[in-house]
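Visitor: Just so it is clear, I am handing over my_file-v4.tsv, which has TSV, N, CA and C atoms.
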chain	number	residue	atom	x	y	z
L	1096	MET	N	32.38	-1.30	-3.46
L	1096	MET	CA	31.28	-1.10	-4.37
L	1096	MET	C	31.83	-1.07	-5.79
L	1097	THR	N	31.22	-1.84	-6.68
L	1097	THR	CA	31.67	-1.88	-8.06
L	1097	THR	C	31.08	-0.70	-8.83
L	1098	ALA	N	31.58	-0.50	-10.04
L	1098	ALA	CA	31.08	0.59	-10.87
L	1098	ALA	C	29.61	0.38	-11.22
L	1099	GLY	N	29.24	-0.88	-11.44
L	1099	GLY	CA	27.83	-1.19	-11.75
L	1099	GLY	C	26.91	-0.88	-10.60
L	1100	GLN	N	27.37	-1.20	-9.37
L	1100	GLN	CA	26.56	-0.90	-8.20
L	1100	GLN	C	26.43	0.61	-7.99
L	1101	ALA	N	27.50	1.34	-8.24
L	1101	ALA	CA	27.45	2.79	-8.10
L	1101	ALA	C	26.47	3.39	-9.10
L	1102	HIS	N	26.47	2.86	-10.34
L	1102	HIS	CA	25.55	3.35	-11.36
L	1102	HIS	C	24.10	3.05	-10.96
L	1103	GLU	N	23.84	1.82	-10.47
L	1103	GLU	CA	22.50	1.45	-10.04
L	1103	GLU	C	22.04	2.35	-8.90
L	1104	SER	N	22.93	2.64	-7.98
L	1104	SER	CA	22.60	3.50	-6.85
L	1104	SER	C	22.21	4.89	-7.32
L	1105	THR	N	22.93	5.43	-8.28
L	1105	THR	CA	22.63	6.76	-8.82
L	1105	THR	C	21.29	6.76	-9.53
L	1106	VAL	N	21.02	5.74	-10.33
L	1106	VAL	CA	19.75	5.64	-11.04
L	1106	VAL	C	18.60	5.51	-10.04
L	1107	LEU	N	18.78	4.69	-9.03
L	1107	LEU	CA	17.74	4.53	-8.01
L	1107	LEU	C	17.49	5.83	-7.28
L	1108	ASP	N	18.54	6.55	-6.93
L	1108	ASP	CA	18.38	7.84	-6.27
L	1108	ASP	C	17.58	8.81	-7.15
L	1109	ASP	N	17.90	8.84	-8.46
L	1109	ASP	CA	17.18	9.73	-9.38
L	1109	ASP	C	15.70	9.37	-9.45
L	1110	VAL	N	15.40	8.07	-9.48
L	1110	VAL	CA	14.00	7.63	-9.54
L	1110	VAL	C	13.27	8.01	-8.26
L	1111	LEU	N	13.90	7.77	-7.12
L	1111	LEU	CA	13.26	8.09	-5.85
L	1111	LEU	C	13.05	9.58	-5.68
L	1112	ILE	N	14.02	10.38	-6.08
L	1112	ILE	CA	13.87	11.83	-5.98
L	1112	ILE	C	12.74	12.29	-6.90
L	1113	GLY	N	12.68	11.74	-8.08
L	1113	GLY	CA	11.61	12.09	-9.01
L	1113	GLY	C	10.25	11.67	-8.49
L	1114	ALA	N	10.17	10.49	-7.90
L	1114	ALA	CA	8.90	10.00	-7.36
L	1114	ALA	C	8.45	10.85	-6.18
L	1115	ASP	N	9.39	11.23	-5.35
L	1115	ASP	CA	9.06	12.06	-4.19
L	1115	ASP	C	8.54	13.42	-4.64
L	1116	ALA	N	9.12	13.98	-5.70
L	1116	ALA	CA	8.70	15.29	-6.19
L	1116	ALA	C	7.27	15.25	-6.71
L	1117	GLN	N	6.83	14.11	-7.20
L	1117	GLN	CA	5.48	13.99	-7.75
L	1117	GLN	C	4.41	13.90	-6.67
L	1118	LEU	N	4.79	13.72	-5.42
L	1118	LEU	CA	3.82	13.60	-4.33
L	1118	LEU	C	3.40	14.95	-3.76
L	1119	PHE	N	4.07	16.03	-4.15
L	1119	PHE	CA	3.79	17.35	-3.60
L	1119	PHE	C	3.51	18.34	-4.72
L	1120	ASP	N	2.65	19.32	-4.43
L	1120	ASP	CA	2.36	20.36	-5.42
L	1120	ASP	C	3.42	21.45	-5.35
L	1121	SER	N	3.20	22.54	-6.07
L	1121	SER	CA	4.20	23.62	-6.12
L	1121	SER	C	4.38	24.33	-4.78
L	1122	ASN	N	3.40	24.20	-3.86
L	1122	ASN	CA	3.50	24.81	-2.53
L	1122	ASN	C	4.02	23.83	-1.49
L	1123	ASP	N	4.58	22.71	-1.91
L	1123	ASP	CA	5.07	21.65	-1.04
L	1123	ASP	C	3.98	21.05	-0.15
L	1124	GLU	N	2.75	21.08	-0.61
L	1124	GLU	CA	1.64	20.44	0.08
L	1124	GLU	C	1.43	19.06	-0.54
L	1125	PRO	N	1.11	18.06	0.26
L	1125	PRO	CA	0.89	16.72	-0.31
L	1125	PRO	C	-0.31	16.73	-1.27
L	1126	ILE	N	-0.14	16.08	-2.41
L	1126	ILE	CA	-1.21	16.01	-3.40
L	1126	ILE	C	-2.33	15.10	-2.90
L	1127	ALA	N	-1.96	13.98	-2.34
L	1127	ALA	CA	-2.95	13.03	-1.80
L	1127	ALA	C	-2.47	12.59	-0.43
L	1128	TRP	N	-3.41	12.46	0.48
L	1128	TRP	CA	-3.07	12.03	1.83
L	1128	TRP	C	-4.13	11.06	2.28
L	1129	PRO	N	-3.76	9.94	2.89
L	1129	PRO	CA	-4.78	8.97	3.30
L	1129	PRO	C	-5.70	9.53	4.38
L	1130	VAL	N	-6.97	9.21	4.25
L	1130	VAL	CA	-7.96	9.63	5.23
L	1130	VAL	C	-8.00	8.62	6.37
L	1131	ALA	N	-7.86	7.34	6.02
L	1131	ALA	CA	-7.91	6.26	7.01
L	1131	ALA	C	-6.88	5.19	6.66
L	1132	LEU	N	-6.47	4.44	7.66
L	1132	LEU	CA	-5.55	3.33	7.46
L	1132	LEU	C	-6.11	2.11	8.15
L	1133	ALA	N	-6.38	1.06	7.38
L	1133	ALA	CA	-6.93	-0.17	7.94
L	1133	ALA	C	-5.82	-1.20	8.12
L	1134	ALA	N	-5.86	-1.90	9.24
L	1134	ALA	CA	-4.89	-2.95	9.52
L	1134	ALA	C	-5.55	-4.00	10.40
L	1135	ASP	N	-4.91	-5.15	10.53
L	1135	ASP	CA	-5.50	-6.19	11.38
L	1135	ASP	C	-5.09	-5.99	12.84
L	1136	LYS	N	-5.56	-6.88	13.70
L	1136	LYS	CA	-5.38	-6.73	15.16
L	1136	LYS	C	-3.91	-6.74	15.58
L	1137	GLY	N	-3.06	-7.30	14.77
L	1137	GLY	CA	-1.64	-7.32	15.10
L	1137	GLY	C	-1.02	-5.94	15.19
L	1138	TYR	N	-1.65	-4.96	14.55
L	1138	TYR	CA	-1.14	-3.59	14.57
L	1138	TYR	C	-1.89	-2.72	15.57
L	1139	ARG	N	-2.64	-3.32	16.45
L	1139	ARG	CA	-3.40	-2.57	17.45
L	1139	ARG	C	-2.51	-2.22	18.64
L	1140	ALA	N	-2.20	-0.95	18.75
L	1140	ALA	CA	-1.43	-0.43	19.88
L	1140	ALA	C	-1.78	1.04	20.05
L	1141	ASP	N	-1.74	1.52	21.27
L	1141	ASP	CA	-2.08	2.92	21.54
L	1141	ASP	C	-1.15	3.88	20.80
L	1142	TRP	N	0.13	3.55	20.77
L	1142	TRP	CA	1.06	4.47	20.13
L	1142	TRP	C	0.82	4.56	18.63
L	1143	ILE	N	0.34	3.49	18.01
L	1143	ILE	CA	0.03	3.53	16.58
L	1143	ILE	C	-1.19	4.43	16.35
L	1144	ASP	N	-2.22	4.28	17.20
L	1144	ASP	CA	-3.39	5.17	17.10
L	1144	ASP	C	-2.98	6.63	17.24
L	1145	GLU	N	-2.17	6.93	18.24
L	1145	GLU	CA	-1.73	8.31	18.47
L	1145	GLU	C	-0.92	8.85	17.30
L	1146	TYR	N	-0.02	8.02	16.78
L	1146	TYR	CA	0.82	8.44	15.66
L	1146	TYR	C	-0.02	8.77	14.44
L	1147	LEU	N	-0.97	7.88	14.12
L	1147	LEU	CA	-1.83	8.12	12.96
L	1147	LEU	C	-2.71	9.34	13.15
L	1148	LEU	N	-3.26	9.51	14.35
L	1148	LEU	CA	-4.10	10.68	14.62
L	1148	LEU	C	-3.30	11.97	14.51
L	1149	ASP	N	-2.04	11.95	14.95
L	1149	ASP	CA	-1.18	13.14	14.81
L	1149	ASP	C	-0.95	13.49	13.35
L	1150	LEU	N	-0.95	12.48	12.49
L	1150	LEU	CA	-0.78	12.71	11.05
L	1150	LEU	C	-2.10	13.06	10.35
L	1151	GLY	N	-3.19	13.01	11.10
L	1151	GLY	CA	-4.49	13.31	10.51
L	1151	GLY	C	-5.12	12.12	9.80
L	1152	ILE	N	-4.68	10.93	10.16
L	1152	ILE	CA	-5.18	9.69	9.54
L	1152	ILE	C	-6.01	8.95	10.58
L	1153	HIS	N	-7.21	8.52	10.18
L	1153	HIS	CA	-8.09	7.79	11.09
L	1153	HIS	C	-7.68	6.31	11.12
L	1154	PRO	N	-7.26	5.79	12.29
L	1154	PRO	CA	-6.90	4.37	12.36
L	1154	PRO	C	-8.14	3.48	12.36
L	1155	VAL	N	-8.15	2.48	11.47
L	1155	VAL	CA	-9.26	1.52	11.40
L	1155	VAL	C	-8.66	0.15	11.73
L	1156	ILE	N	-8.44	-0.07	13.01
L	1156	ILE	CA	-7.79	-1.29	13.49
L	1156	ILE	C	-8.66	-1.86	14.60
L	1157	PRO	N	-9.15	-3.10	14.45
L	1157	PRO	CA	-10.00	-3.66	15.50
L	1157	PRO	C	-9.22	-3.91	16.78
L	1158	SER	N	-9.92	-3.82	17.90
L	1158	SER	CA	-9.30	-4.08	19.20
L	1158	SER	C	-9.12	-5.58	19.40
L	1159	LYS	N	-8.12	-5.92	20.17
L	1159	LYS	CA	-7.93	-7.32	20.54
L	1159	LYS	C	-8.98	-7.70	21.58
L	1160	CYS	N	-9.25	-9.00	21.71
L	1160	CYS	CA	-10.32	-9.44	22.60
L	1160	CYS	C	-10.04	-9.12	24.08
L	1161	ASN	N	-8.76	-8.96	24.45
L	1161	ASN	CA	-8.44	-8.69	25.84
L	1161	ASN	C	-8.25	-7.19	26.13
L	1162	GLN	N	-8.67	-6.32	25.21
L	1162	GLN	CA	-8.53	-4.88	25.40
L	1162	GLN	C	-9.88	-4.22	25.63
L	1163	ASP	N	-9.86	-3.12	26.35
L	1163	ASP	CA	-11.06	-2.34	26.60
L	1163	ASP	C	-11.34	-1.45	25.38
L	1164	ARG	N	-12.39	-1.78	24.64
L	1164	ARG	CA	-12.71	-1.05	23.41
L	1164	ARG	C	-13.13	0.40	23.69
L	1165	ASP	N	-13.71	0.64	24.85
L	1165	ASP	CA	-14.18	1.99	25.19
L	1165	ASP	C	-13.04	2.93	25.56
L	1166	ALA	N	-11.87	2.40	25.88
L	1166	ALA	CA	-10.74	3.23	26.30
L	1166	ALA	C	-9.97	3.80	25.10
L	1167	ARG	N	-10.29	3.37	23.90
L	1167	ARG	CA	-9.57	3.85	22.72
L	1167	ARG	C	-9.96	5.28	22.37
L	1168	PRO	N	-9.02	6.05	21.83
L	1168	PRO	CA	-9.33	7.44	21.46
L	1168	PRO	C	-10.22	7.54	20.20
L	1169	VAL	N	-10.30	6.47	19.42
L	1169	VAL	CA	-11.13	6.47	18.20
L	1169	VAL	C	-12.07	5.28	18.22
L	1170	GLU	N	-13.20	5.45	17.56
L	1170	GLU	CA	-14.17	4.36	17.47
L	1170	GLU	C	-13.85	3.53	16.22
L	1171	PHE	N	-13.99	2.22	16.34
L	1171	PHE	CA	-13.72	1.30	15.23
L	1171	PHE	C	-14.83	1.40	14.20
L	1172	ASP	N	-14.46	1.58	12.93
L	1172	ASP	CA	-15.41	1.72	11.83
L	1172	ASP	C	-15.47	0.42	11.04
L	1173	LYS	N	-16.51	-0.39	11.30
L	1173	LYS	CA	-16.64	-1.70	10.65
L	1173	LYS	C	-16.79	-1.58	9.14
L	1174	ASP	N	-17.55	-0.61	8.67
L	1174	ASP	CA	-17.79	-0.48	7.23
L	1174	ASP	C	-16.49	-0.19	6.47
L	1175	THR	N	-15.67	0.70	7.00
L	1175	THR	CA	-14.39	1.00	6.36
L	1175	THR	C	-13.47	-0.22	6.43
L	1176	TYR	N	-13.50	-0.93	7.53
L	1176	TYR	CA	-12.64	-2.11	7.68
L	1176	TYR	C	-13.02	-3.20	6.67
L	1177	ARG	N	-14.30	-3.31	6.35
L	1177	ARG	CA	-14.73	-4.31	5.37
L	1177	ARG	C	-14.15	-4.03	3.99
L	1178	ASP	N	-13.92	-2.76	3.67
L	1178	ASP	CA	-13.32	-2.41	2.38
L	1178	ASP	C	-11.88	-2.92	2.26
L	1179	ARG	N	-11.24	-3.20	3.37
L	1179	ARG	CA	-9.88	-3.74	3.37
L	1179	ARG	C	-9.85	-5.08	2.65
L	1180	ASN	N	-10.94	-5.81	2.68
L	1180	ASN	CA	-11.03	-7.11	2.02
L	1180	ASN	C	-10.77	-7.00	0.52
L	1181	ILE	N	-11.15	-5.89	-0.09
L	1181	ILE	CA	-10.92	-5.69	-1.52
L	1181	ILE	C	-9.43	-5.74	-1.82
L	1182	VAL	N	-8.65	-5.05	-1.01
L	1182	VAL	CA	-7.20	-5.02	-1.21
L	1182	VAL	C	-6.60	-6.41	-0.94
L	1183	GLU	N	-7.07	-7.07	0.10
L	1183	GLU	CA	-6.57	-8.41	0.43
L	1183	GLU	C	-6.83	-9.40	-0.72
L	1184	ARG	N	-8.04	-9.33	-1.32
L	1184	ARG	CA	-8.35	-10.22	-2.42
L	1184	ARG	C	-7.52	-9.89	-3.65
L	1185	LEU	N	-7.26	-8.60	-3.90
L	1185	LEU	CA	-6.43	-8.20	-5.02
L	1185	LEU	C	-5.02	-8.76	-4.88
L	1186	ILE	N	-4.45	-8.64	-3.70
L	1186	ILE	CA	-3.10	-9.16	-3.47
L	1186	ILE	C	-3.09	-10.68	-3.60
L	1187	GLY	N	-4.13	-11.33	-3.07
L	1187	GLY	CA	-4.23	-12.79	-3.22
L	1187	GLY	C	-4.32	-13.20	-4.67
L	1188	TRP	N	-5.08	-12.44	-5.46
L	1188	TRP	CA	-5.20	-12.76	-6.88
L	1188	TRP	C	-3.87	-12.54	-7.59
L	1189	LEU	N	-3.17	-11.45	-7.27
L	1189	LEU	CA	-1.87	-11.20	-7.90
L	1189	LEU	C	-0.87	-12.30	-7.57
L	1190	LYS	N	-0.96	-12.87	-6.37
L	1190	LYS	CA	-0.06	-13.96	-6.00
L	1190	LYS	C	-0.31	-15.21	-6.85
L	1191	GLU	N	-1.51	-15.33	-7.41
L	1191	GLU	CA	-1.80	-16.46	-8.29
L	1191	GLU	C	-1.17	-16.29	-9.66
L	1192	CYS	N	-0.83	-15.06	-10.02
L	1192	CYS	CA	-0.16	-14.80	-11.30
L	1192	CYS	C	1.32	-15.11	-11.11
L	1193	ARG	N	1.73	-16.26	-11.59
L	1193	ARG	CA	3.06	-16.78	-11.28
L	1193	ARG	C	4.18	-15.82	-11.67
L	1194	ARG	N	4.05	-15.21	-12.82
L	1194	ARG	CA	5.11	-14.33	-13.29
L	1194	ARG	C	5.26	-13.10	-12.38
L	1195	VAL	N	4.15	-12.62	-11.85
L	1195	VAL	CA	4.18	-11.47	-10.94
L	1195	VAL	C	4.66	-11.91	-9.57
L	1196	PHE	N	4.10	-13.02	-9.08
L	1196	PHE	CA	4.42	-13.49	-7.74
L	1196	PHE	C	5.90	-13.81	-7.57
L	1197	SER	N	6.48	-14.50	-8.55
L	1197	SER	CA	7.89	-14.90	-8.41
L	1197	SER	C	8.85	-13.84	-8.92
L	1198	ARG	N	8.32	-12.73	-9.42
L	1198	ARG	CA	9.12	-11.59	-9.87
L	1198	ARG	C	10.20	-12.02	-10.85
L	1199	PHE	N	9.76	-12.62	-11.97
L	1199	PHE	CA	10.70	-13.00	-13.02
L	1199	PHE	C	11.38	-11.77	-13.61
L	1200	GLU	N	10.63	-10.69	-13.71
L	1200	GLU	CA	11.18	-9.47	-14.30
L	1200	GLU	C	12.07	-8.77	-13.27
L	1201	LYS	N	13.24	-8.40	-13.69
L	1201	LYS	CA	14.21	-7.80	-12.75
L	1201	LYS	C	14.09	-6.29	-12.68
L	1202	THR	N	13.69	-5.64	-13.77
L	1202	THR	CA	13.59	-4.19	-13.72
L	1202	THR	C	12.19	-3.77	-13.30
L	1203	ALA	N	12.11	-2.62	-12.65
L	1203	ALA	CA	10.82	-2.13	-12.18
L	1203	ALA	C	9.87	-1.85	-13.35
L	1204	LYS	N	10.41	-1.37	-14.45
L	1204	LYS	CA	9.59	-1.05	-15.62
L	1204	LYS	C	8.94	-2.32	-16.18
L	1205	ASN	N	9.72	-3.38	-16.34
L	1205	ASN	CA	9.17	-4.63	-16.86
L	1205	ASN	C	8.21	-5.28	-15.87
L	1206	PHE	N	8.52	-5.17	-14.59
L	1206	PHE	CA	7.64	-5.74	-13.56
L	1206	PHE	C	6.29	-5.02	-13.57
L	1207	ALA	N	6.32	-3.70	-13.68
L	1207	ALA	CA	5.07	-2.93	-13.76
L	1207	ALA	C	4.29	-3.32	-15.01
L	1208	GLY	N	5.00	-3.58	-16.10
L	1208	GLY	CA	4.34	-4.03	-17.33
L	1208	GLY	C	3.64	-5.37	-17.14
L	1209	MET	N	4.26	-6.28	-16.41
L	1209	MET	CA	3.64	-7.59	-16.15
L	1209	MET	C	2.40	-7.45	-15.26
L	1210	ILE	N	2.45	-6.52	-14.31
L	1210	ILE	CA	1.28	-6.28	-13.47
L	1210	ILE	C	0.14	-5.73	-14.33
L	1211	LYS	N	0.47	-4.80	-15.22
L	1211	LYS	CA	-0.56	-4.25	-16.12
L	1211	LYS	C	-1.14	-5.35	-17.00
L	1212	MET	N	-0.28	-6.21	-17.51
L	1212	MET	CA	-0.78	-7.31	-18.36
L	1212	MET	C	-1.67	-8.26	-17.56
L	1213	ALA	N	-1.33	-8.50	-16.31
L	1213	ALA	CA	-2.16	-9.36	-15.46
L	1213	ALA	C	-3.55	-8.73	-15.28
L	1214	PHE	N	-3.59	-7.41	-15.08
L	1214	PHE	CA	-4.88	-6.72	-14.94
L	1214	PHE	C	-5.68	-6.77	-16.24
L	1215	ILE	N	-4.99	-6.59	-17.36
L	1215	ILE	CA	-5.69	-6.65	-18.65
L	1215	ILE	C	-6.26	-8.04	-18.88
L	1216	GLN	N	-5.47	-9.07	-18.56
L	1216	GLN	CA	-5.94	-10.45	-18.71
L	1216	GLN	C	-7.16	-10.69	-17.82
L	1217	ARG	N	-7.11	-10.21	-16.60
L	1217	ARG	CA	-8.23	-10.38	-15.66
L	1217	ARG	C	-9.47	-9.65	-16.17
L	1218	TYR	N	-9.28	-8.43	-16.66
L	1218	TYR	CA	-10.40	-7.64	-17.17
L	1218	TYR	C	-11.04	-8.34	-18.36
L	1219	LEU	N	-10.22	-8.82	-19.31
L	1219	LEU	CA	-10.77	-9.50	-20.48
L	1219	LEU	C	-11.49	-10.78	-20.09
L	1220	LYS	N	-10.96	-11.49	-19.14
L	1220	LYS	CA	-11.61	-12.73	-18.67
L	1220	LYS	C	-12.99	-12.42	-18.07
L	1221	LEU	N	-13.07	-11.37	-17.26
L	1221	LEU	CA	-14.34	-10.99	-16.65
L	1221	LEU	C	-15.31	-10.42	-17.68
L	1222	ALA	N	-14.78	-9.73	-18.71
L	1222	ALA	CA	-15.64	-9.13	-19.72
L	1222	ALA	C	-16.30	-10.19	-20.60
L	1223	VAL	N	-15.63	-11.31	-20.82
L	1223	VAL	CA	-16.17	-12.38	-21.66
L	1223	VAL	C	-17.23	-13.15	-20.91
L	1224	GLU	N	-17.10	-13.29	-19.60
L	1224	GLU	CA	-18.06	-14.09	-18.82
L	1224	GLU	C	-19.40	-13.50	-18.77
As structure tokens, what does this structure read like?
Guide:
Amino acid sequence: MTAGQAHESTVLDDVLIGADAQLFDSNDEPIAWPVALAADKGYRADWIDEYLLDLGIHPVIPSKCNQDRDARPVEFDKDTYRDRNIVERLIGWLKECRRVFSRFEKTAKNFAGMIKMAFIQRYLKLAVE
């Protein structure tokens, strides 16, 4: 390991430790916790449902066509699953922003700045229309 790699590792560790500290309050309770997790049929498995339920997260994963839907421990929520489309379209739109998609920016700070600029550009474009 070179000196530069050791320095990068230390900086990354400091950032990760700082980010982790921001996820919990003074009583070590999570500040935000997901209520539901939506995924496509590829993630449909009993052990995933059980794992999410143990964490207190409602799995929103459609059953595969060859599975018994009534045997699942949770009922599939179509309305919540439809909201997943918003995230999918956002990611698809970000992939159209060449500078973001190809990750020209090497540092996380500059990359986050480019994402913010992409959102500002999108907002201004929609505001003019």
Visitor: Taking 6 positions as the minimum chain separation for residues in the same chain, which residues sit within 12 Å of L:Ala1213 when counting only C-alpha atoms? Answer as a PyMOL selection string.
Guide: chain L and resi 1185+1188-1196+1206-1207+1219-1220
Visitor: Just the number, please: distance in Å from atom C of L:His1153 to atom C of L:Leu1132, one decimal.
Guide: 5.4 Å
Visitor: Residues at most 8 Å from L:Lys1159, counting all atoms listed in the file, excluding those fewer than 5 positions away in the same chain, as a ChimeraX atom specification?
Guide: /L:1135-1137,1139-1140,1164
Visitor: How would you write, as an MDAnalysis selection string, the set of residues in stretch 1102-1209 of chain L that DSSP gives as helix (DSSP H, G or I)?
Guide: chainID L and resid 1102:1116 1136:1138 1141:1149 1164:1166 1173:1191 1193:1196 1203:1209
Visitor: So the first atom is atom CA of L:Tyr1176 and the second is atom CA of L:Ile1210; what is the distance between them in Å, to one decimal place?
Guide: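 Separation between atom CA of L:Tyr1176 and atom CA of L:Ile1210: 25.7 Å.
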Visitor: As an exercise, work out the distance from atom N of L:Ile1156 to atom N of L:Ala1127 in Å and give it to one decimal place.
Guide: 21.8 Å
Visitor: Can you tell me which residues surround L:Glu1145 at a distance of at most 8 Å, considering all atoms listed in the file, apart from same-chain residues fewer than 6 positions away, and format the answer as a list in words?
Guide: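 Returned residues: Gly1151, Pro1154 and Pro1168 of chain L.
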Visitor: Keeping only N, CA and C atoms, write the selected residues to a file as a short mmCIF file (atom, residue, chain, number, x, y, z; two decimals), in the coordinates of the input.
Guide:
data_model
loop_
_atom_site.label_atom_id
_atom_site.label_comp_id
_atom_site.auth_asym_id
_atom_site.auth_seq_id
_atom_site.Cartn_x
_atom_site.Cartn_y
_atom_site.Cartn_z
N GLY L 1151 -3.19 13.01 11.10
CA GLY L 1151 -4.49 13.31 10.51
C GLY L 1151 -5.12 12.12 9.80
N PRO L 1154 -7.26 5.79 12.29
CA PRO L 1154 -6.90 4.37 12.36
C PRO L 1154 -8.14 3.48 12.36
N PRO L 1168 -9.02 6.05 21.83
CA PRO L 1168 -9.33 7.44 21.46
C PRO L 1168 -10.22 7.54 20.20
#
Visitor: Write out as a list in words all residues of chain L that backbone DSSP assigns to strand (DSSP E or B).
Guide: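 So, restricting chain L to strand (DSSP E or B), we get Phe1119, Pro1125, Ala1131, Leu1132, Ala1133, His1153, Pro1154 and Val1155 of chain L.
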Visitor: Find, counting only C-alpha atoms, the residue in L:Ile1215, L:Val1223, L:Ala1203, L:Val1155 that gets nearest to L:Arg1167.
Guide: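 Among the listed residues, L:Val1155 lies closest to L:Arg1167.
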Visitor: Between L:Ile1152, L:Tyr1146, L:Thr1175, L:Lys1201, which one has atoms that come closest to L:Val1130, using all atoms listed in the file?
Guide: L:Ile1152
